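Enquirer: See coords_16.pdb below, with PDB, C-alpha atoms, pLDDT in the B column.
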```
ATOM      1  CA  MET R   1      78.837 -81.981  15.945  1.00 44.00           C
ATOM      2  CA  SER R   2      78.957 -85.749  16.260  1.00 48.00           C
ATOM      3  CA  THR R   3      81.906 -87.428  17.923  1.00 54.00           C
ATOM      4  CA  LYS R   4      80.958 -90.812  16.486  1.00 60.00           C
ATOM      5  CA  LEU R   5      83.875 -92.412  14.652  1.00 59.00           C
ATOM      6  CA  ASP R   6      83.056 -94.791  11.819  1.00 64.00           C
ATOM      7  CA  THR R   7      85.499 -97.219  10.231  1.00 62.00           C
ATOM      8  CA  LYS R   8      85.842 -95.119   7.092  1.00 59.00           C
ATOM      9  CA  THR R   9      86.961 -92.160   9.201  1.00 60.00           C
ATOM     10  CA  LEU R  10      89.072 -94.347  11.498  1.00 62.00           C
ATOM     11  CA  PHE R  11      91.100 -95.920   8.700  1.00 62.00           C
ATOM     12  CA  SER R  12      91.772 -92.760   6.736  1.00 68.00           C
ATOM     13  CA  LEU R  13      94.891 -90.678   6.473  1.00 71.00           C
ATOM     14  CA  PRO R  14      94.785 -86.947   5.963  1.00 73.00           C
ATOM     15  CA  ASN R  15      95.470 -85.829   2.430  1.00 78.00           C
ATOM     16  CA  PRO R  16      97.064 -83.348   2.213  1.00 82.00           C
ATOM     17  CA  VAL R  17      99.246 -83.598   5.314  1.00 84.00           C
ATOM     18  CA  ASN R  18     100.595 -80.636   7.245  1.00 86.00           C
ATOM     19  CA  GLU R  19     104.318 -80.996   6.599  1.00 90.00           C
ATOM     20  CA  TYR R  20     105.185 -79.351   9.905  1.00 89.00           C
ATOM     21  CA  SER R  21     103.061 -81.915  11.750  1.00 90.00           C
ATOM     22  CA  ALA R  22     104.854 -84.722   9.913  1.00 92.00           C
ATOM     23  CA  ARG R  23     108.190 -83.216  10.902  1.00 93.00           C
ATOM     24  CA  MET R  24     107.105 -82.920  14.550  1.00 92.00           C
ATOM     25  CA  VAL R  25     106.036 -86.581  14.548  1.00 94.00           C
ATOM     26  CA  ALA R  26     109.444 -87.427  13.086  1.00 96.00           C
ATOM     27  CA  GLY R  27     111.048 -85.445  15.914  1.00 96.00           C
ATOM     28  CA  GLY R  28     109.107 -87.520  18.428  1.00 96.00           C
ATOM     29  CA  VAL R  29     110.267 -90.675  16.660  1.00 97.00           C
ATOM     30  CA  VAL R  30     113.867 -89.467  16.916  1.00 98.00           C
ATOM     31  CA  CYS R  31     113.459 -88.938  20.677  1.00 97.00           C
ATOM     32  CA  MET R  32     111.921 -92.381  21.238  1.00 97.00           C
ATOM     33  CA  SER R  33     114.435 -94.071  18.945  1.00 98.00           C
ATOM     34  CA  VAL R  34     117.366 -92.513  20.750  1.00 98.00           C
ATOM     35  CA  ALA R  35     115.814 -93.559  24.068  1.00 97.00           C
ATOM     36  CA  TYR R  36     115.644 -97.138  22.772  1.00 96.00           C
ATOM     37  CA  LEU R  37     119.205 -97.051  21.423  1.00 96.00           C
ATOM     38  CA  ILE R  38     120.480 -95.864  24.805  1.00 96.00           C
ATOM     39  CA  THR R  39     118.413 -98.139  27.044  1.00 94.00           C
ATOM     40  CA  GLY R  40     117.590-101.179  24.884  1.00 92.00           C
ATOM     41  CA  ASN R  41     114.225-101.184  26.675  1.00 93.00           C
ATOM     42  CA  ILE R  42     111.685-103.395  24.899  1.00 94.00           C
ATOM     43  CA  TRP R  43     108.771-101.237  26.068  1.00 96.00           C
ATOM     44  CA  VAL R  44     110.179 -98.202  24.267  1.00 96.00           C
ATOM     45  CA  LEU R  45     110.552-100.339  21.139  1.00 96.00           C
ATOM     46  CA  ALA R  46     107.018-101.706  21.537  1.00 96.00           C
ATOM     47  CA  VAL R  47     105.527 -98.209  21.865  1.00 96.00           C
ATOM     48  CA  LEU R  48     107.526 -97.031  18.852  1.00 97.00           C
ATOM     49  CA  THR R  49     106.311-100.009  16.806  1.00 97.00           C
ATOM     50  CA  TYR R  50     102.700 -99.498  17.897  1.00 97.00           C
ATOM     51  CA  GLY R  51     102.899 -95.819  16.937  1.00 96.00           C
ATOM     52  CA  PHE R  52     104.001 -96.579  13.392  1.00 96.00           C
ATOM     53  CA  TRP R  53     101.316 -99.221  12.867  1.00 96.00           C
ATOM     54  CA  ALA R  54      98.685 -96.888  14.314  1.00 94.00           C
ATOM     55  CA  ARG R  55      99.739 -94.107  11.927  1.00 93.00           C
ATOM     56  CA  VAL R  56      99.837 -96.480   8.929  1.00 94.00           C
ATOM     57  CA  LEU R  57      96.337 -97.758   9.647  1.00 93.00           C
ATOM     58  CA  THR R  58      94.584 -94.681  11.050  1.00 91.00           C
ATOM     59  CA  GLY R  59      96.786 -91.639  10.506  1.00 87.00           C
ATOM     60  CA  PRO R  60      97.093 -89.725  13.756  1.00 88.00           C
ATOM     61  CA  THR R  61      93.773 -91.034  15.136  1.00 86.00           C
ATOM     62  CA  LEU R  62      95.089 -93.935  17.272  1.00 87.00           C
ATOM     63  CA  SER R  63      98.678 -92.728  17.578  1.00 90.00           C
ATOM     64  CA  PRO R  64      99.506 -91.066  20.903  1.00 90.00           C
ATOM     65  CA  LEU R  65     102.341 -89.143  19.238  1.00 89.00           C
ATOM     66  CA  GLY R  66     100.054 -88.208  16.335  1.00 89.00           C
ATOM     67  CA  GLN R  67      97.449 -86.942  18.770  1.00 89.00           C
ATOM     68  CA  VAL R  68      99.932 -84.812  20.721  1.00 90.00           C
ATOM     69  CA  VAL R  69     101.181 -83.276  17.482  1.00 91.00           C
ATOM     70  CA  THR R  70      97.800 -82.656  15.817  1.00 89.00           C
ATOM     71  CA  ARG R  71      95.890 -81.537  18.910  1.00 89.00           C
ATOM     72  CA  ILE R  72      98.551 -79.598  20.833  1.00 88.00           C
ATOM     73  CA  LEU R  73     101.784 -78.829  18.962  1.00 89.00           C
ATOM     74  CA  ALA R  74     100.475 -78.074  15.452  1.00 85.00           C
ATOM     75  CA  PRO R  75      97.817 -75.619  16.719  1.00 85.00           C
ATOM     76  CA  LEU R  76     100.471 -73.845  18.792  1.00 86.00           C
ATOM     77  CA  LEU R  77     102.779 -73.644  15.773  1.00 82.00           C
ATOM     78  CA  ALA R  78      99.925 -72.501  13.511  1.00 77.00           C
ATOM     79  CA  LYS R  79      99.719 -69.291  15.529  1.00 78.00           C
ATOM     80  CA  LYS R  80     103.267 -68.459  14.391  1.00 82.00           C
ATOM     81  CA  VAL R  81     103.731 -70.251  11.051  1.00 78.00           C
ATOM     82  CA  ILE R  82     101.442 -70.747   8.073  1.00 80.00           C
ATOM     83  CA  PRO R  83     100.863 -74.488   7.609  1.00 79.00           C
ATOM     84  CA  LYS R  84     102.618 -76.045   4.633  1.00 85.00           C
ATOM     85  CA  PHE R  85     100.808 -78.973   3.048  1.00 87.00           C
ATOM     86  CA  CYS R  86     102.175 -81.936   1.118  1.00 87.00           C
ATOM     87  CA  PRO R  87     100.557 -85.054  -0.399  1.00 89.00           C
ATOM     88  CA  GLY R  88      99.400 -87.704   2.081  1.00 89.00           C
ATOM     89  CA  PRO R  89     100.200 -91.012   0.304  1.00 92.00           C
ATOM     90  CA  PRO R  90     104.006 -90.582   0.453  1.00 94.00           C
ATOM     91  CA  LYS R  91     103.728 -89.843   4.182  1.00 93.00           C
ATOM     92  CA  ARG R  92     101.687 -93.020   4.684  1.00 93.00           C
ATOM     93  CA  PHE R  93     104.392 -94.886   2.766  1.00 95.00           C
ATOM     94  CA  ALA R  94     106.950 -93.334   5.135  1.00 96.00           C
ATOM     95  CA  GLN R  95     104.964 -94.581   8.134  1.00 96.00           C
ATOM     96  CA  SER R  96     104.890 -98.032   6.493  1.00 96.00           C
ATOM     97  CA  MET R  97     108.665 -97.978   6.183  1.00 97.00           C
ATOM     98  CA  GLY R  98     108.891 -97.026   9.860  1.00 97.00           C
ATOM     99  CA  ALA R  99     106.535 -99.895  10.709  1.00 97.00           C
ATOM    100  CA  PHE R 100     108.789-102.254   8.755  1.00 98.00           C
ATOM    101  CA  PHE R 101     111.950-101.139  10.568  1.00 97.00           C
ATOM    102  CA  THR R 102     110.412-101.115  14.055  1.00 97.00           C
ATOM    103  CA  SER R 103     108.618-104.447  13.509  1.00 97.00           C
ATOM    104  CA  SER R 104     111.858-106.009  12.255  1.00 96.00           C
ATOM    105  CA  ALA R 105     113.688-104.679  15.301  1.00 96.00           C
ATOM    106  CA  LEU R 106     110.980-105.949  17.642  1.00 95.00           C
ATOM    107  CA  PHE R 107     110.987-109.355  15.943  1.00 94.00           C
ATOM    108  CA  ALA R 108     114.788-109.600  16.251  1.00 93.00           C
ATOM    109  CA  TYR R 109     114.545-108.639  19.908  1.00 92.00           C
ATOM    110  CA  LEU R 110     111.747-111.108  20.686  1.00 91.00           C
ATOM    111  CA  ILE R 111     113.327-114.144  19.021  1.00 90.00           C
ATOM    112  CA  GLY R 112     116.339-113.603  21.219  1.00 84.00           C
ATOM    113  CA  ASP R 113     118.580-112.564  18.385  1.00 70.00           C
ATOM    114  CA  SER R 114     121.353-110.199  19.166  1.00 65.00           C
ATOM    115  CA  LEU R 115     120.142-106.908  20.587  1.00 72.00           C
ATOM    116  CA  THR R 116     122.603-105.408  18.126  1.00 86.00           C
ATOM    117  CA  ILE R 117     120.453-106.355  15.132  1.00 91.00           C
ATOM    118  CA  ALA R 118     117.434-104.602  16.628  1.00 93.00           C
ATOM    119  CA  LYS R 119     119.554-101.545  17.321  1.00 94.00           C
ATOM    120  CA  TYR R 120     120.803-101.480  13.709  1.00 95.00           C
ATOM    121  CA  PHE R 121     117.221-101.314  12.448  1.00 96.00           C
ATOM    122  CA  ILE R 122     116.428 -98.510  14.869  1.00 97.00           C
ATOM    123  CA  ALA R 123     119.646 -96.633  14.053  1.00 97.00           C
ATOM    124  CA  ILE R 124     118.645 -96.560  10.374  1.00 97.00           C
ATOM    125  CA  LEU R 125     115.159 -95.394  11.361  1.00 98.00           C
ATOM    126  CA  THR R 126     116.641 -92.702  13.624  1.00 98.00           C
ATOM    127  CA  PHE R 127     118.767 -91.337  10.794  1.00 98.00           C
ATOM    128  CA  ALA R 128     115.806 -91.205   8.396  1.00 98.00           C
ATOM    129  CA  ALA R 129     113.513 -89.629  11.002  1.00 98.00           C
ATOM    130  CA  ALA R 130     116.178 -87.049  11.896  1.00 98.00           C
ATOM    131  CA  CYS R 131     116.510 -86.079   8.223  1.00 97.00           C
ATOM    132  CA  GLU R 132     112.732 -85.561   8.083  1.00 97.00           C
ATOM    133  CA  ALA R 133     112.503 -83.728  11.403  1.00 96.00           C
ATOM    134  CA  PHE R 134     115.495 -81.428  11.122  1.00 97.00           C
ATOM    135  CA  LEU R 135     116.137 -81.088   7.375  1.00 96.00           C
ATOM    136  CA  GLY R 136     112.684 -81.629   5.903  1.00 94.00           C
ATOM    137  CA  PHE R 137     113.982 -84.464   3.711  1.00 96.00           C
ATOM    138  CA  CYS R 138     111.853 -87.621   3.713  1.00 95.00           C
ATOM    139  CA  PHE R 139     113.733 -90.650   2.376  1.00 95.00           C
ATOM    140  CA  ALA R 140     110.569 -92.724   2.076  1.00 94.00           C
ATOM    141  CA  CYS R 141     108.831 -89.911   0.185  1.00 93.00           C
ATOM    142  CA  ALA R 142     111.749 -89.790  -2.257  1.00 94.00           C
ATOM    143  CA  ILE R 143     111.522 -93.578  -2.700  1.00 95.00           C
ATOM    144  CA  PHE R 144     107.757 -93.250  -3.200  1.00 94.00           C
ATOM    145  CA  GLY R 145     108.379 -90.687  -5.953  1.00 92.00           C
ATOM    146  CA  ARG R 146     110.852 -93.005  -7.696  1.00 93.00           C
ATOM    147  CA  LEU R 147     108.429 -95.928  -7.454  1.00 94.00           C
ATOM    148  CA  MET R 148     105.790 -93.739  -9.118  1.00 93.00           C
ATOM    149  CA  LYS R 149     108.253 -92.600 -11.773  1.00 91.00           C
ATOM    150  CA  TYR R 150     109.026 -96.222 -12.686  1.00 92.00           C
ATOM    151  CA  GLY R 151     105.336 -97.193 -12.677  1.00 92.00           C
ATOM    152  CA  ILE R 152     105.570 -99.503  -9.654  1.00 94.00           C
ATOM    153  CA  ILE R 153     103.128 -97.271  -7.785  1.00 91.00           C
ATOM    154  CA  PRO R 154     100.376 -96.116 -10.153  1.00 91.00           C
ATOM    155  CA  GLU R 155      99.849 -92.372 -10.586  1.00 87.00           C
ATOM    156  CA  SER R 156      96.247 -92.857  -9.470  1.00 86.00           C
ATOM    157  CA  VAL R 157      97.502 -93.492  -5.911  1.00 87.00           C
ATOM    158  CA  CYS R 158      98.525 -89.868  -5.615  1.00 85.00           C
ATOM    159  CA  ASP R 159      97.307 -87.397  -8.203  1.00 81.00           C
ATOM    160  CA  ARG R 160      99.070 -84.530  -6.430  1.00 80.00           C
ATOM    161  CA  CYS R 161     102.392 -86.405  -6.448  1.00 81.00           C
ATOM    162  CA  VAL R 162     102.543 -86.434 -10.227  1.00 69.00           C
ATOM    163  CA  ASN R 163     103.176 -82.682 -10.294  1.00 64.00           C
ATOM    164  CA  TYR R 164     104.625 -82.316  -6.791  1.00 55.00           C
ATOM    165  CA  LYS R 165     108.342 -82.368  -6.140  1.00 49.00           C
ATOM    166  CA  SER R 166     108.650 -84.647  -3.125  1.00 44.00           C
ATOM    167  CA  THR R 167     111.613 -83.903  -0.894  1.00 43.00           C
TER     168      THR R 167
END
```
What is this structure when it is put down as structure tokens?

Expert:
Amino acid sequence: MSTKLDTKTLFSLPNPVNEYSARMVAGGVVCMSVAYLITGNIWVLAVLTYGFWARVLTGPTLSPLGQVVTRILAPLLAKKVIPKFCPGPPKRFAQSMGAFFTSSALFAYLIGDSLTIAKYFIAILTFAAACEAFLGFCFACAIFGRLMKYGIIPESVCDRCVNYKST
């Protein structure tokens, strides 16, 4: 088995995605987001921002949180629970939304704007991630479904989404 990683493999996202893995990543995001909200530490925000961009661009491949979930936590859970799979494109869209919120927060922090603005962005992200982690409801996935319904995102982006009820 080759361990060589080509760019096609590097910049791919799993499709389908193990929903439990996505929820565990969201749980990690909640933990880091709460840590940032409590401390206001820029390094926590920077790591959070990096993680979202890594997952948008490469799925779990270059994301430390993604690696912990896919290599350690998901296999442990798989021994007790049958994996549940969902379409990948809405989850990538969700990571993009997270990248938007964390990048906006980081930008606000770096330009010396009120720390409060950065914390508002992260508070919204924390709420959305908590809904995904603890309730299994993905706001970005629901938005993705609406964008497909209205033809803004073509059906060809996600064949499985056409007949899949995204929650």

Enquirer: Select, from R:Ala140, R:Val68, R:Leu73, R:Cys161, the residue with the minimum atom-to-atom distance to Ala99 (chain R), counting only C-alpha atoms.

Expert: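 Going through R:Ala140, R:Val68, R:Leu73, R:Cys161 one by one, the smallest distance to Ala99 (chain R) is for R:Ala140.
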
Enquirer: One decimal, Å: what's the distance from CA of Leu45 (chain R) over to CA of Tyr109 (chain R), could you say?

Expert: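 Going from CA of Leu45 (chain R) over to CA of Tyr109 (chain R) covers 9.3 Å.
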
Enquirer: Go through R:Ile111, R:Thr102, R:Ala74, R:Phe139 and flag the residue nearest Leu48 (chain R), using only C-alpha atoms for the distances.

Expert: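 Between R:Ile111, R:Thr102, R:Ala74, R:Phe139, the residue approaching Leu48 (chain R) most closely is R:Thr102.
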
Enquirer: State, in Å with one decimal place, the distance from CA of Pro154 (chain R) to CA of Pro89 (chain R).

Expert: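 About the pair CA of Pro154 (chain R) and CA of Pro89 (chain R): they are 11.6 Å apart.
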
Enquirer: Enter the distance from CA of Ala130 (chain R) to CA of Gly28 (chain R), in Å, rounded to one decimal.

Expert: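 Between these atoms lies a distance of 9.6 Å.
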
Enquirer: Using all atoms listed in the file, which of R:Tyr20, R:Phe93, R:Phe137, R:Phe144 sits nearest Leu77 (chain R)?

Expert: R:Tyr20

Enquirer: Neighbours of Lys91 (chain R) within 8 Å (all atoms listed in the file; same-chain residues fewer than 5 positions away dropped), as a list in words?

Expert: Val17, Ala22, Ala140 and Cys141 of chain R

Enquirer: Pull out every residue that the PyMOL selection byres ((chain R and resi 13-16) around 7) matches in the shown coordinates and put them as a PyMOL selection string.

Expert: chain R and resi 11-12+17-18+58-59+85-88

Enquirer: Select all residues near (98.2, -84.4, 15.8) (cut-off 10 Å, inclusive, file coordinates), counting all atoms listed in the file, and output them as a VMD selection string.

Expert: chain R and resid 18 21 to 22 24 to 25 59 to 61 63 to 75

Enquirer: Set the distance at 9 Å and use only C-alpha atoms: which residues neighbour Phe101 (chain R) once local chain neighbours fewer than 6 positions away are removed? I'd like the list as JSON, numbers by chain.

Expert: {"R": [49, 118, 121, 122, 124, 125]}

Enquirer: Which polymer residues have any atom within 7 Å of an atom of Ser33 (chain R), counting all atoms listed in the file, with same-chain residues fewer than 3 positions away left out, as a PyMOL selection string?

Expert: chain R and resi 29-30+36-37+122+126

Enquirer: Taking the file as I've supplied it (selection: the PyMOL selection byres ((chain R and resi 134) around 10)), which residues are included? Please answer as a PyMOL selection string.

Expert: chain R and resi 23-24+26-27+129-133+135-137

Enquirer: Create the file for the chosen residues now, containing C-alpha atoms and written as a PDB file, keeping the file's coordinate frame.

Expert:
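result_9.pdb, written as the output of this step:
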```
ATOM      1  CA  ARG R  23     108.190 -83.216  10.902  1.00 93.00           C
ATOM      2  CA  MET R  24     107.105 -82.920  14.550  1.00 92.00           C
ATOM      3  CA  ALA R  26     109.444 -87.427  13.086  1.00 96.00           C
ATOM      4  CA  GLY R  27     111.048 -85.445  15.914  1.00 96.00           C
ATOM      5  CA  ALA R 129     113.513 -89.629  11.002  1.00 98.00           C
ATOM      6  CA  ALA R 130     116.178 -87.049  11.896  1.00 98.00           C
ATOM      7  CA  CYS R 131     116.510 -86.079   8.223  1.00 97.00           C
ATOM      8  CA  GLU R 132     112.732 -85.561   8.083  1.00 97.00           C
ATOM      9  CA  ALA R 133     112.503 -83.728  11.403  1.00 96.00           C
ATOM     10  CA  LEU R 135     116.137 -81.088   7.375  1.00 96.00           C
ATOM     11  CA  GLY R 136     112.684 -81.629   5.903  1.00 94.00           C
ATOM     12  CA  PHE R 137     113.982 -84.464   3.711  1.00 96.00           C
TER      13      PHE R 137
END
```
